[in-house]
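Next comes data10.cif, a file with mmCIF, C-alpha atoms.
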data_run
#
loop_
_atom_site.label_atom_id
_atom_site.label_comp_id
_atom_site.auth_asym_id
_atom_site.auth_seq_id
_atom_site.Cartn_x
_atom_site.Cartn_y
_atom_site.Cartn_z
CA MET S 167 89.81 -236.35 -27.43
CA ASN S 168 92.92 -235.48 -29.35
CA ALA S 169 93.17 -232.13 -31.02
CA PRO S 170 92.51 -232.34 -34.74
CA ARG S 171 95.79 -233.08 -36.43
CA ASP S 172 94.96 -231.76 -39.85
CA LEU S 173 94.88 -228.10 -38.80
CA PRO S 174 97.73 -226.50 -40.71
CA ARG S 175 100.38 -225.27 -38.36
CA LYS S 176 101.18 -221.58 -38.54
CA LEU S 177 104.22 -220.71 -40.60
CA ARG S 178 107.07 -219.16 -38.66
CA VAL S 179 108.43 -215.88 -39.97
CA ALA S 180 111.63 -214.11 -38.92
CA THR S 181 112.42 -210.53 -39.91
CA THR S 182 115.50 -208.43 -39.41
CA SER S 183 117.02 -205.15 -40.50
CA LEU S 184 120.74 -205.23 -41.25
CA SER S 185 122.18 -202.06 -42.76
CA GLY S 186 118.70 -200.63 -43.33
CA CYS S 187 116.59 -197.79 -42.01
CA PHE S 188 113.63 -199.93 -40.86
CA GLY S 189 111.65 -198.30 -43.66
CA CYS S 190 110.87 -201.73 -45.09
CA HIS S 191 109.59 -202.87 -41.69
CA MET S 192 107.45 -199.72 -41.52
CA SER S 193 106.13 -200.56 -44.96
CA PHE S 194 105.42 -204.09 -43.74
CA LEU S 195 103.26 -202.57 -40.99
CA ASP S 196 101.57 -200.58 -43.76
CA ILE S 197 99.58 -203.68 -44.65
CA ASP S 198 97.45 -202.29 -41.81
CA GLU S 199 94.40 -204.37 -40.84
CA ARG S 200 95.68 -207.19 -43.04
CA LEU S 201 98.15 -207.82 -40.20
CA LEU S 202 95.24 -209.50 -38.37
CA GLU S 203 94.65 -211.76 -41.34
CA LEU S 204 98.37 -212.47 -41.47
CA ALA S 205 98.39 -213.33 -37.77
CA HIS S 206 96.03 -216.25 -38.53
CA LEU S 207 98.56 -217.66 -40.97
CA VAL S 208 101.94 -216.94 -39.41
CA GLU S 209 103.67 -216.45 -36.11
CA PHE S 210 106.77 -214.38 -35.66
CA ASP S 211 110.15 -215.63 -34.52
CA ARG S 212 113.10 -213.26 -34.34
CA SER S 213 111.77 -209.84 -35.35
CA PRO S 214 111.60 -206.27 -34.06
CA ILE S 215 107.90 -207.07 -33.57
CA THR S 216 108.60 -209.80 -30.98
CA ASP S 217 112.00 -208.55 -29.81
CA ILE S 218 113.29 -212.14 -29.91
CA LYS S 219 117.07 -211.81 -30.26
CA HIS S 220 117.94 -215.08 -31.99
CA CYS S 221 116.20 -217.01 -34.66
CA GLY S 222 114.96 -220.60 -34.38
CA PRO S 223 113.87 -222.81 -37.28
CA CYS S 224 111.60 -220.75 -39.52
CA ASP S 225 109.73 -221.03 -42.78
CA ILE S 226 110.27 -217.52 -44.08
CA GLY S 227 112.98 -214.97 -43.33
CA LEU S 228 112.57 -211.36 -44.43
CA VAL S 229 115.83 -209.45 -44.54
CA GLU S 230 115.91 -205.69 -44.85
CA GLY S 231 119.15 -203.80 -45.48
CA GLY S 232 122.51 -204.61 -46.96
CA VAL S 233 125.51 -206.11 -45.18
CA CYS S 234 127.82 -203.39 -43.87
CA ASN S 235 129.51 -204.87 -40.80
CA ALA S 236 130.57 -208.10 -39.10
CA GLU S 237 127.39 -208.34 -37.03
CA ASN S 238 125.26 -208.10 -40.17
CA VAL S 239 127.15 -211.11 -41.56
CA HIS S 240 126.45 -213.18 -38.43
CA VAL S 241 122.77 -212.25 -38.34
CA LEU S 242 122.36 -212.98 -42.02
CA HIS S 243 124.02 -216.38 -41.67
CA GLU S 244 121.76 -217.14 -38.71
CA LEU S 245 118.66 -216.36 -40.75
CA ARG S 246 119.88 -218.28 -43.78
CA LYS S 247 120.64 -221.29 -41.60
CA ASN S 248 117.21 -221.27 -39.99
CA CYS S 249 114.88 -220.12 -42.75
CA LYS S 250 113.61 -222.35 -45.50
CA VAL S 251 112.89 -219.35 -47.68
CA LEU S 252 115.02 -216.22 -47.43
CA VAL S 253 113.72 -212.99 -48.93
CA ALA S 254 115.70 -209.83 -49.74
CA LEU S 255 113.28 -207.09 -48.70
CA GLY S 256 113.89 -203.69 -50.27
CA ALA S 257 116.51 -201.83 -52.30
CA CYS S 258 119.34 -202.15 -49.74
CA ALA S 259 119.05 -205.93 -49.35
CA VAL S 260 118.72 -206.30 -53.12
CA GLY S 261 121.48 -203.96 -54.26
CA GLY S 262 123.19 -202.34 -51.27
CA GLY S 263 121.07 -199.20 -51.56
CA LEU S 264 121.93 -195.88 -49.99
CA PRO S 265 124.60 -197.23 -47.57
CA ALA S 266 126.44 -198.70 -50.58
CA GLN S 267 127.12 -195.16 -51.78
CA ARG S 268 130.29 -195.44 -49.69
CA ASN S 269 131.49 -198.41 -51.71
CA ASN S 270 134.03 -196.57 -53.77
CA LEU S 271 135.44 -194.73 -50.76
CA ASP S 272 138.18 -196.02 -48.50
CA VAL S 273 136.67 -197.05 -45.12
CA ALA S 274 139.61 -195.75 -43.06
CA LYS S 275 139.51 -192.38 -44.83
CA CYS S 276 135.75 -192.26 -44.35
CA LEU S 277 136.01 -192.87 -40.59
CA THR S 278 138.89 -190.48 -39.98
CA GLN S 279 137.08 -187.77 -41.87
CA ILE S 280 133.75 -188.27 -40.11
CA TYR S 281 135.12 -188.65 -36.58
CA ARG S 282 137.35 -185.59 -36.72
CA THR S 283 136.73 -182.87 -34.18
CA GLU S 284 136.90 -179.18 -35.01
CA SER S 285 140.42 -179.02 -33.59
CA GLY S 286 141.48 -181.75 -36.00
CA GLU S 287 141.61 -184.53 -33.40
CA VAL S 288 140.56 -187.93 -34.78
CA ALA S 289 138.51 -190.13 -32.42
CA VAL S 290 137.13 -193.12 -34.30
CA PRO S 291 134.89 -195.15 -31.92
CA ASN S 292 136.77 -198.32 -31.09
CA ASP S 293 134.74 -200.13 -28.46
CA PRO S 294 135.06 -203.91 -28.67
CA GLU S 295 131.26 -204.14 -28.65
CA LEU S 296 131.02 -202.19 -31.88
CA PRO S 297 130.95 -204.47 -34.91
CA LEU S 298 133.70 -203.78 -37.41
CA LEU S 299 132.74 -202.26 -40.72
CA LEU S 300 133.26 -204.25 -43.89
CA ASP S 301 135.24 -202.80 -46.78
CA LYS S 302 132.00 -202.42 -48.72
CA VAL S 303 128.26 -202.66 -48.20
CA TYR S 304 127.11 -205.86 -49.86
CA PRO S 305 123.72 -206.86 -51.19
CA ILE S 306 122.68 -209.93 -49.17
CA ASN S 307 122.85 -212.26 -52.17
CA GLU S 308 126.59 -211.60 -52.36
CA ILE S 309 126.91 -213.20 -48.89
CA VAL S 310 124.27 -215.97 -48.79
CA ARG S 311 121.87 -217.66 -51.17
CA VAL S 312 118.63 -215.73 -51.52
CA ASP S 313 115.36 -217.25 -52.67
CA TYR S 314 113.27 -214.18 -53.50
CA PHE S 315 113.89 -210.50 -54.13
CA LEU S 316 111.44 -207.73 -53.37
CA PRO S 317 112.86 -204.44 -54.65
CA GLY S 318 111.64 -200.96 -53.77
CA CYS S 319 112.57 -198.22 -51.35
CA PRO S 320 110.58 -199.42 -49.58
CA PRO S 321 108.44 -202.01 -51.34
CA SER S 322 104.88 -200.82 -50.68
CA GLY S 323 102.59 -202.51 -48.18
CA ASP S 324 100.56 -203.80 -51.11
CA THR S 325 103.68 -205.24 -52.73
CA ILE S 326 104.68 -207.01 -49.51
CA TRP S 327 101.13 -208.28 -49.04
CA LYS S 328 100.94 -209.60 -52.61
CA PHE S 329 104.28 -211.34 -52.18
CA LEU S 330 103.44 -212.87 -48.80
CA THR S 331 99.98 -214.06 -49.83
CA ASP S 332 101.42 -215.62 -53.00
CA LEU S 333 104.06 -217.38 -50.94
CA LEU S 334 101.75 -218.46 -48.09
CA THR S 335 99.17 -219.90 -50.44
CA GLY S 336 101.69 -221.83 -52.46
CA ARG S 337 101.71 -219.72 -55.61
CA THR S 338 104.94 -218.61 -57.27
CA PRO S 339 105.28 -215.02 -56.05
CA ARG S 340 104.95 -212.58 -58.90
CA ILE S 341 105.52 -208.84 -58.57
CA GLU S 342 104.75 -206.79 -61.65
CA HIS S 343 103.42 -203.35 -62.58
CA PRO S 344 102.27 -201.35 -60.65
CA LEU S 345 103.66 -203.18 -57.61
CA LEU S 346 107.18 -203.51 -58.99
CA LYS S 347 109.04 -200.30 -58.18
CA PHE S 348 112.71 -199.59 -57.57
CA ASP S 349 112.09 -196.18 -55.99
CA MET V 1073 96.67 -202.55 -87.74
CA SER V 1074 93.67 -201.49 -89.76
CA ASP V 1075 92.90 -202.33 -93.37
CA SER V 1076 93.10 -198.69 -94.36
CA MET V 1077 96.60 -198.54 -92.95
CA ASN V 1078 97.60 -201.62 -94.89
CA SER V 1079 96.48 -200.12 -98.16
CA VAL V 1080 98.95 -197.28 -97.77
CA PHE V 1081 101.75 -199.76 -98.18
CA ASP V 1082 102.66 -201.95 -101.06
CA SER V 1083 101.29 -205.34 -100.07
CA ALA V 1084 104.71 -206.83 -100.78
CA ASN V 1085 106.27 -204.60 -98.15
CA THR V 1086 105.26 -206.56 -95.10
CA PHE V 1087 106.99 -208.94 -92.75
CA THR V 1088 105.85 -210.71 -89.62
CA ILE V 1089 106.73 -210.24 -85.95
CA ASP V 1090 105.64 -213.18 -83.79
CA GLY V 1091 103.24 -214.09 -86.58
CA ARG V 1092 101.68 -210.63 -86.81
CA ARG V 1093 101.89 -208.89 -90.18
CA VAL V 1094 103.77 -205.59 -90.05
CA PRO V 1095 103.96 -203.16 -92.99
CA PHE V 1096 107.09 -201.16 -93.69
CA LYS V 1097 108.34 -198.44 -95.98
CA PRO V 1098 111.44 -199.42 -97.95
CA GLY V 1099 114.55 -198.41 -96.01
CA GLN V 1100 112.94 -198.68 -92.57
CA THR V 1101 114.53 -200.82 -89.89
CA ILE V 1102 112.62 -203.64 -88.23
CA LEU V 1103 112.37 -201.61 -85.02
CA HIS V 1104 111.14 -198.48 -86.77
CA ALA V 1105 108.46 -200.37 -88.68
CA ALA V 1106 107.46 -202.31 -85.58
CA LEU V 1107 106.99 -199.21 -83.43
CA GLU V 1108 104.99 -197.46 -86.16
CA ALA V 1109 102.75 -200.51 -86.38
CA GLY V 1110 102.27 -200.52 -82.61
CA VAL V 1111 104.44 -203.58 -81.94
CA TYR V 1112 106.71 -203.22 -78.93
CA ILE V 1113 110.31 -204.35 -79.16
CA PRO V 1114 112.40 -203.51 -76.05
CA HIS V 1115 115.14 -200.97 -76.77
CA LEU V 1116 117.41 -198.55 -74.95
CA CYS V 1117 119.96 -196.93 -77.32
CA HIS V 1118 117.40 -196.19 -80.03
CA HIS V 1119 115.64 -192.86 -80.45
CA PRO V 1120 113.32 -192.17 -83.39
CA GLU V 1121 115.04 -188.84 -84.08
CA LEU V 1122 118.54 -190.28 -84.26
CA LYS V 1123 120.44 -192.69 -86.46
CA PRO V 1124 120.54 -196.27 -85.18
CA HIS V 1125 123.48 -197.35 -83.10
CA GLY V 1126 122.95 -201.02 -82.33
CA SER V 1127 124.95 -201.04 -79.09
CA CYS V 1128 122.60 -201.97 -76.24
CA LYS V 1129 121.38 -205.19 -77.88
CA LEU V 1130 118.12 -205.10 -75.97
CA CYS V 1131 116.22 -205.02 -79.26
CA THR V 1132 117.80 -208.31 -80.31
CA VAL V 1133 115.24 -210.31 -82.24
CA THR V 1134 115.48 -213.57 -84.16
CA VAL V 1135 115.23 -212.84 -87.88
CA ASN V 1136 114.73 -215.92 -90.04
CA GLY V 1137 116.47 -217.98 -87.37
CA ARG V 1138 119.37 -215.63 -86.70
CA ASN V 1139 119.72 -213.09 -83.90
CA GLY V 1140 120.23 -209.46 -84.77
CA SER V 1141 119.49 -205.94 -83.55
CA ALA V 1142 116.06 -204.82 -84.70
CA CYS V 1143 117.23 -201.20 -84.67
CA THR V 1144 119.89 -201.79 -87.34
CA ALA V 1145 118.41 -204.68 -89.36
CA ARG V 1146 116.56 -203.44 -92.42
CA ALA V 1147 113.00 -204.59 -92.84
CA MET V 1148 112.63 -206.84 -95.88
CA PRO V 1149 109.56 -208.41 -97.44
CA GLY V 1150 108.63 -211.74 -95.92
CA LEU V 1151 111.03 -211.69 -92.95
CA GLU V 1152 109.93 -213.84 -90.05
CA VAL V 1153 110.86 -212.06 -86.84
CA GLU V 1154 110.59 -213.55 -83.35
CA ASN V 1155 110.43 -210.91 -80.65
CA ASP V 1156 108.36 -211.57 -77.54
CA THR V 1157 109.65 -215.03 -76.69
CA PRO V 1158 110.75 -216.34 -73.27
CA ALA V 1159 114.23 -217.08 -74.61
CA LEU V 1160 114.81 -213.57 -76.00
CA ASN V 1161 113.28 -211.91 -72.94
CA ASP V 1162 115.52 -213.99 -70.67
CA ARG V 1163 118.55 -212.71 -72.57
CA ARG V 1164 117.28 -209.16 -72.41
CA ARG V 1165 116.83 -209.46 -68.66
CA VAL V 1166 120.43 -210.66 -68.33
CA LEU V 1167 121.64 -207.69 -70.41
CA LEU V 1168 119.74 -205.37 -68.07
CA GLN V 1169 121.21 -207.05 -65.01
CA MET V 1170 124.70 -206.59 -66.41
CA LEU V 1171 123.98 -202.92 -67.09
CA PHE V 1172 122.72 -202.49 -63.52
CA VAL V 1173 125.78 -204.01 -61.83
CA GLU V 1174 128.26 -202.37 -64.20
CA GLY V 1175 127.39 -198.84 -63.07
CA ASN V 1176 126.04 -197.34 -59.86
CA HIS V 1177 122.30 -197.39 -60.38
CA PHE V 1178 120.65 -196.39 -57.10
CA CYS V 1179 117.06 -195.83 -58.20
CA PRO V 1180 115.78 -194.55 -54.82
CA GLY V 1181 118.24 -191.66 -54.96
CA CYS V 1182 117.96 -190.82 -58.65
CA GLU V 1183 115.79 -187.98 -59.88
CA LYS V 1184 115.25 -189.78 -63.20
CA SER V 1185 113.40 -192.60 -61.44
CA GLY V 1186 110.05 -193.16 -63.12
CA ASN V 1187 111.21 -191.51 -66.34
CA CYS V 1188 114.23 -193.78 -66.75
CA GLN V 1189 114.17 -196.14 -69.69
CA LEU V 1190 116.63 -198.58 -68.12
CA GLN V 1191 114.40 -198.85 -65.06
CA ALA V 1192 111.28 -199.06 -67.24
CA LEU V 1193 112.74 -201.98 -69.18
CA ALA V 1194 113.63 -203.70 -65.92
CA TYR V 1195 110.06 -203.23 -64.65
CA ASP V 1196 108.60 -204.54 -67.86
CA LEU V 1197 110.82 -207.61 -67.95
CA GLU V 1198 110.21 -208.13 -64.22
CA MET V 1199 113.86 -207.92 -63.26
CA LEU V 1200 113.68 -208.32 -59.48
CA ALA V 1201 117.39 -208.25 -58.71
CA PRO V 1202 120.63 -207.55 -60.56
CA HIS V 1203 121.78 -211.15 -59.92
CA PHE V 1204 125.48 -210.51 -60.67
CA ARG V 1205 128.14 -209.22 -58.33
CA HIS V 1206 128.01 -205.44 -58.25
CA ALA V 1207 131.08 -203.67 -59.64
CA PHE V 1208 130.43 -200.48 -57.61
CA PRO V 1209 132.81 -198.59 -59.92
CA GLU V 1210 134.31 -195.25 -59.00
CA ARG V 1211 132.94 -192.72 -61.45
CA PRO V 1212 132.94 -188.93 -61.26
CA VAL V 1213 130.05 -186.49 -61.14
CA ASP V 1214 130.54 -183.29 -63.12
CA ALA V 1215 128.35 -180.58 -61.60
CA SER V 1216 130.37 -177.70 -63.08
CA HIS V 1217 127.84 -176.63 -65.71
CA PRO V 1218 125.31 -174.05 -64.49
CA ASP V 1219 122.31 -175.86 -66.02
CA VAL V 1220 123.25 -179.51 -66.58
CA TRP V 1221 124.45 -182.40 -64.41
CA LEU V 1222 126.71 -185.10 -65.79
CA ASP V 1223 126.69 -188.17 -63.52
CA LEU V 1224 128.69 -190.97 -65.10
CA ASN V 1225 127.64 -193.37 -62.32
CA ARG V 1226 124.40 -193.85 -64.23
CA CYS V 1227 125.79 -193.84 -67.77
CA VAL V 1228 124.99 -196.89 -69.90
CA MET V 1229 127.06 -195.69 -72.85
CA CYS V 1230 124.23 -195.73 -75.35
CA GLU V 1231 125.82 -192.73 -77.09
CA LEU V 1232 122.48 -190.97 -77.51
CA CYS V 1233 124.10 -187.78 -76.18
CA VAL V 1234 127.04 -188.26 -78.54
CA ARG V 1235 124.71 -188.63 -81.50
CA ALA V 1236 122.35 -185.83 -80.47
CA SER V 1237 125.18 -183.38 -79.91
CA ARG V 1238 126.92 -184.28 -83.16
CA ASP V 1239 123.97 -184.83 -85.50
CA LEU V 1240 121.28 -182.51 -84.13
CA ASP V 1241 123.11 -179.76 -82.22
CA GLY V 1242 126.18 -179.72 -84.48
CA LYS V 1243 128.45 -179.36 -81.45
CA SER V 1244 130.04 -182.75 -80.71
CA VAL V 1245 130.20 -182.05 -76.99
CA PHE V 1246 130.28 -185.73 -76.00
CA MET V 1247 132.33 -188.68 -77.14
CA LEU V 1248 132.98 -192.20 -75.98
CA ALA V 1249 136.63 -192.79 -75.02
CA GLY V 1250 138.58 -195.82 -73.82
CA ARG V 1251 138.00 -199.47 -74.54
CA GLY V 1252 136.03 -202.30 -73.02
CA ALA V 1253 135.37 -201.89 -69.31
CA GLU V 1254 137.38 -198.65 -69.39
CA SER V 1255 134.98 -197.00 -71.82
CA LYS V 1256 133.39 -193.77 -70.66
CA VAL V 1257 131.74 -190.65 -71.95
CA VAL V 1258 134.17 -187.73 -72.15
CA VAL V 1259 133.44 -184.05 -72.69
CA ASN V 1260 134.87 -182.01 -75.51
CA SER V 1261 136.40 -179.09 -73.61
CA PRO V 1262 139.96 -177.97 -72.72
CA THR V 1263 139.47 -178.93 -69.05
CA GLY V 1264 137.25 -181.95 -69.69
CA LEU V 1265 134.56 -180.22 -67.63
CA LEU V 1266 131.06 -179.58 -68.89
CA LYS V 1267 131.17 -175.87 -67.96
CA ASP V 1268 133.98 -175.26 -70.46
CA SER V 1269 132.20 -177.10 -73.28
CA ALA V 1270 129.81 -175.68 -75.86
CA LEU V 1271 126.84 -177.46 -74.22
CA SER V 1272 123.80 -175.31 -73.55
CA ILE V 1273 120.57 -176.22 -71.76
CA ASP V 1274 118.79 -175.65 -75.07
CA ASP V 1275 120.77 -178.44 -76.73
CA ARG V 1276 119.02 -181.67 -77.45
CA ALA V 1277 122.04 -183.51 -76.05
CA ALA V 1278 121.10 -182.10 -72.65
CA HIS V 1279 117.71 -183.84 -72.77
CA VAL V 1280 118.18 -187.05 -74.71
CA CYS V 1281 119.71 -189.23 -71.96
CA PRO V 1282 117.48 -192.29 -71.38
CA VAL V 1283 118.89 -192.72 -67.85
CA GLY V 1284 119.89 -190.19 -65.19
CA ALA V 1285 123.42 -189.48 -66.46
CA ILE V 1286 122.69 -186.11 -68.10
CA LEU V 1287 120.01 -184.13 -66.31
CA PRO V 1288 118.82 -180.54 -66.44
CA LYS V 1289 119.32 -178.86 -63.08
CA ARG V 1290 116.59 -177.44 -60.83
CA VAL V 1291 113.67 -179.43 -62.30
CA GLY V 1292 114.41 -182.79 -60.70
CA TYR V 1293 111.17 -183.33 -58.83
CA ALA V 1294 108.86 -180.99 -60.78
CA VAL V 1295 106.84 -184.12 -61.50
CA PRO V 1296 106.57 -186.18 -58.29
CA ILE V 1297 107.80 -189.76 -58.03
CA GLY V 1298 104.87 -192.05 -58.74
CA GLU V 1299 103.33 -189.78 -61.40
CA ARG V 1300 105.98 -190.13 -64.07
CA GLN V 1301 106.05 -191.56 -67.58
CA PHE V 1302 106.61 -195.20 -66.68
CA ASP V 1303 104.67 -195.09 -63.42
CA GLN V 1304 101.49 -194.76 -65.49
CA ALA V 1305 101.92 -197.92 -67.53
CA THR V 1306 104.79 -200.24 -68.32
CA ILE V 1307 106.95 -199.29 -71.26
CA SER V 1308 105.60 -202.12 -73.40
CA HIS V 1309 102.19 -200.47 -73.22
CA GLN V 1310 103.53 -197.13 -74.42
CA VAL V 1311 104.50 -198.01 -77.99
CA ASP V 1312 102.84 -194.90 -79.34
CA TYR V 1313 104.92 -192.73 -77.04
CA LEU V 1314 108.09 -194.58 -78.01
CA ALA V 1315 107.39 -194.23 -81.73
CA ARG V 1316 106.49 -190.54 -81.64
CA ARG V 1317 108.61 -189.09 -78.87
CA THR V 1318 110.79 -186.14 -79.67
CA ILE V 1319 113.71 -184.81 -77.71
CA PRO V 1320 112.45 -181.76 -75.81
CA ILE V 1321 114.42 -178.61 -76.36
CA LYS V 1322 113.82 -177.64 -72.75
CA ALA V 1323 112.51 -180.03 -70.17
CA VAL V 1324 109.38 -179.34 -68.13
CA GLU V 1325 109.14 -175.60 -68.77
CA PRO V 1326 106.14 -174.74 -70.97
CA ALA V 1327 106.89 -173.29 -74.39
CA THR V 1328 106.80 -169.50 -74.27
CA GLU V 1329 107.97 -168.56 -77.74
CA THR V 1330 104.73 -169.31 -79.55
CA GLU V 1331 104.20 -165.69 -80.64
CA GLY V 1332 105.93 -164.03 -83.57
CA ALA V 1333 107.23 -165.64 -86.71
#

What does the file become when written as structure tokens?
Amino acid sequence: MNAPRDLPRKLRVATTSLSGCFGCHMSFLDIDERLLELAHLVEFDRSPITDIKHCGPCDIGLVEGGVCNAENVHVLHELRKNCKVLVALGACAVGGGLPAQRNNLDVAKCLTQIYRTESGEVAVPNDPELPLLLDKVYPINEIVRVDYFLPGCPPSGDTIWKFLTDLLTGRTPRIEHPLLKFD
Amino acid sequence: MSDSMNSVFDSANTFTIDGRRVPFKPGQTILHAALEAGVYIPHLCHHPELKPHGSCKLCTVTVNGRNGSACTARAMPGLEVENDTPALNDRRRVLLQMLFVEGNHFCPGCEKSGNCQLQALAYDLEMLAPHFRHAFPERPVDASHPDVWLDLNRCVMCELCVRASRDLDGKSVFMLAGRGAESKVVVNSPTGLLKDSALSIDDRAAHVCPVGAILPKRVGYAVPIGERQFDQATISHQVDYLARRTIPIKAVEPATETEGA
């Protein structure tokens, strides 16, 4: 007998952290035992949870962190290309966040000041494997089209859960008090 | 509004906001009358203790078919005011988004978070992202004063500090200088620094800022994040607070000078 065809297939979810601190991913894990419930509804593609390095076609992409270097741009484009719905997760993805505090400083001056030894020698890391920094840290919607924004530093587990369950069950996601927080 | 409250006013002195009858005293603005009657109209540059300014435009309402600032428009008998409509709230959200991208508003790193009126308005209007391209302007922080920070990154140029210093403190420590995008708050002192100005921590100008641009030092996290004014309820549910708030002479510290005449 054939397997029943009307079983809904699990939605594929990709997650990544660009110029973020993984705090939003930690907050994602803060949905605690609801992760088991979530596992019935979704399966993970590229994500720190699966350690898959590249993203295939997905339904939902959760992006933490702003865009601070060339690698971030590539990863973000990969997710945008593969995800039907792309979500900016957390303050950095939404507005640049803490890393964007460097945005009115000159990158070269920043690097030469940080990588200066006590004797005054400047040794900025220059390995070809290191992605080059961008002039500024950009919110992800200044690089690609973004479908939903989930602010907060980090958005709480409850906020992420409310958003995901809204999205997975076909409702228009709505985040309002007390789940909507910028801090 | 109760019947007993209505009787205080001349029955002719009423107008409507979204169909609800609101009494007013002659000379009151639409915003003033609305807040006293418990009707919320979003606002940022208004403070009940200071003269209206009409600059932030968040209180824009439609009065008899025309848009105007509720904080400067005088209440008149029979006015029909539209306030809580999707169209007006959409515009207000766009104004907020422009304010957010124009300055450097990093809520997670700001000690005003939770008490900030700009943030509270954004929460209430469910602003999820600033939408526009961020300007990330270069603006200075003046930490020279022993008791007060001045961080222009967060300034929204509402001129509440200008008005409080001039009209309540009688000092005129702050002023808005420049034009258009170059506008900024400047300090009245020979060096331009706050430490050389007449500002004191006891001034109302030091406590009136609705955002985190002017902050008293050393009390930043006396009330933890999550337990602050607008963490409790959204700003639209705190009309009573908005109508009756006064500028504290000193933030946080309990009053000690209750004895003696």

Report the centre and edge lengths, in Å to one decimal, of an axis-aligned box enclosing every atom of region 238-255 of chain S listed in the file, padded by 4 Å on each side, as AutoDock Vina command-line options.
--center_x 120.0 --center_y -214.7 --center_z -44.0 --size_x 22.3 --size_y 23.3 --size_z 19.4

Contact residues around region 1258-1274 of chain V with only C-alpha atoms at 7 Å, ignoring same-chain residues under 2 positions, as number ranges by chain
V: 1214, 1216-1217, 1219-1220, 1243, 1245-1249, 1256, 1276, 1278, 1321-1322

Any chance you could work out the residue set of the PyMOL selection byres ((chain S) within 9 of (chain V)) here, as a ChimeraX atom specification?
/S:257,260-264,266-267,269-271,304-305,307-308,314-320,340-344,346-349

Run through the PyMOL selection byres ((chain S and resi 247) around 10) on the given coordinates and return the selected residues as a list in words.
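With the shown file as input, the PyMOL selection byres ((chain S and resi 247) around 10) matches Cys221, Gly222, Pro223, Cys224, Val241, Leu242, His243, Glu244, Leu245, Arg246, Asn248, Cys249, Lys250, Leu252 and Val310 of chain S.
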
Got a sec to resolve the PyMOL selection byres ((chain V and resi 1128-1139) around 10) on this structure and send the residues as number ranges by chain?
V: 1088-1090, 1102-1103, 1112-1118, 1125-1127, 1140-1145, 1147, 1150-1157, 1160-1161, 1163-1168, 1171, 1193, 1228-1231

List as a PyMOL selection string the protein and nucleic acid residues near Thr335 (chain S), meaning an atom at most 12 Å away when only C-alpha atoms are counted, but skip any in the same chain fewer than 2 places from it.
chain S and resi 174+177+204+207-208+327-333+337-339

Residues within 8 Å of Cys1227 (chain V), please, as a PDB file with C-alpha atoms, in the coordinates of the input. Count all atoms listed in the file; anything in the same chain fewer than 3 positions from it doesn't count.
ATOM      1  CA  GLY V1175     127.390-198.840 -63.070  1.00  0.00           C
ATOM      2  CA  ASP V1223     126.690-188.170 -63.520  1.00  0.00           C
ATOM      3  CA  LEU V1224     128.690-190.970 -65.100  1.00  0.00           C
ATOM      4  CA  CYS V1230     124.230-195.730 -75.350  1.00  0.00           C
ATOM      5  CA  VAL V1257     131.740-190.650 -71.950  1.00  0.00           C
ATOM      6  CA  VAL V1283     118.890-192.720 -67.850  1.00  0.00           C
ATOM      7  CA  GLY V1284     119.890-190.190 -65.190  1.00  0.00           C
ATOM      8  CA  ALA V1285     123.420-189.480 -66.460  1.00  0.00           C
TER       9      ALA V1285
END

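Going from CA of Asp211 (chain S) over to CA of Asn235 (chain S), you cover 23.0 Å.
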
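We find CA of Thr1086 (chain V) and CA of Glu1108 (chain V) to be spaced 12.8 Å apart.
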
Fewer than 5 positions away in the same chain doesn't count, so skip those; otherwise give me all residues within 9 Å of region 190-198 of chain S, counting only C-alpha atoms, as a list in words.
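The neighbour list is Thr181, Thr182, Ser183, Pro214, Glu230, Gly231, Leu255, Gly256, Gly318, Cys319, Pro320, Pro321, Ser322, Gly323, Asp324, Ile326 and Trp327 of chain S.
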
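Across the model, the gap from CA of Gly1091 (chain V) to CA of Ala1159 (chain V) is 16.5 Å.
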
Minimum-distance residue to Met1148 (chain V), chosen among V:Phe1087, V:Gly1110, V:Lys1184, V:Arg1092 (using only C-alpha atoms):
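Under the stated criterion, the closest residue is V:Phe1087.
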
Write out as a list of chain:residue names the residues lying within 12 Å of Ala274 (chain S), counting all atoms listed in the file and excluding same-chain residues fewer than 5 positions away.
S:Arg268, S:Gln279, S:Ile280, S:Tyr281, S:Val288, S:Val290, S:Leu298, S:Leu299, S:Leu300, S:Asp301, S:Lys302

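Of the listed residues (S:Val239, S:Val273, S:Val251, S:Ile226), S:Ile226 comes nearest to Arg178 (chain S); the distances count all atoms listed in the file.
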
Nearest to Phe1096 (chain V) by atom-to-atom distance, counting only C-alpha atoms, from V:Pro1282, V:Pro1124, V:Pro1149, V:Gly1242:
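Smallest distance to Phe1096 (chain V) is found for V:Pro1149.
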
For region 1262-1273 of chain V, write C-alpha atoms out as a CSV table (one decimal), in the first residue's frame.
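This went into selection_35.csv:
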chain,number,residue,atom,x,y,z
V,1262,PRO,CA,31.8,79.2,26.4
V,1263,THR,CA,33.3,75.8,25.4
V,1264,GLY,CA,30.1,74.2,24.2
V,1265,LEU,CA,30.5,71.5,26.9
V,1266,LEU,CA,27.9,70.7,29.4
V,1267,LYS,CA,30.3,71.0,32.4
V,1268,ASP,CA,30.8,74.7,31.6
V,1269,SER,CA,27.1,75.4,31.4
V,1270,ALA,CA,24.7,76.5,34.2
V,1271,LEU,CA,23.0,73.0,34.1
V,1272,SER,CA,22.6,71.4,37.5
V,1273,ILE,CA,21.3,67.9,38.3
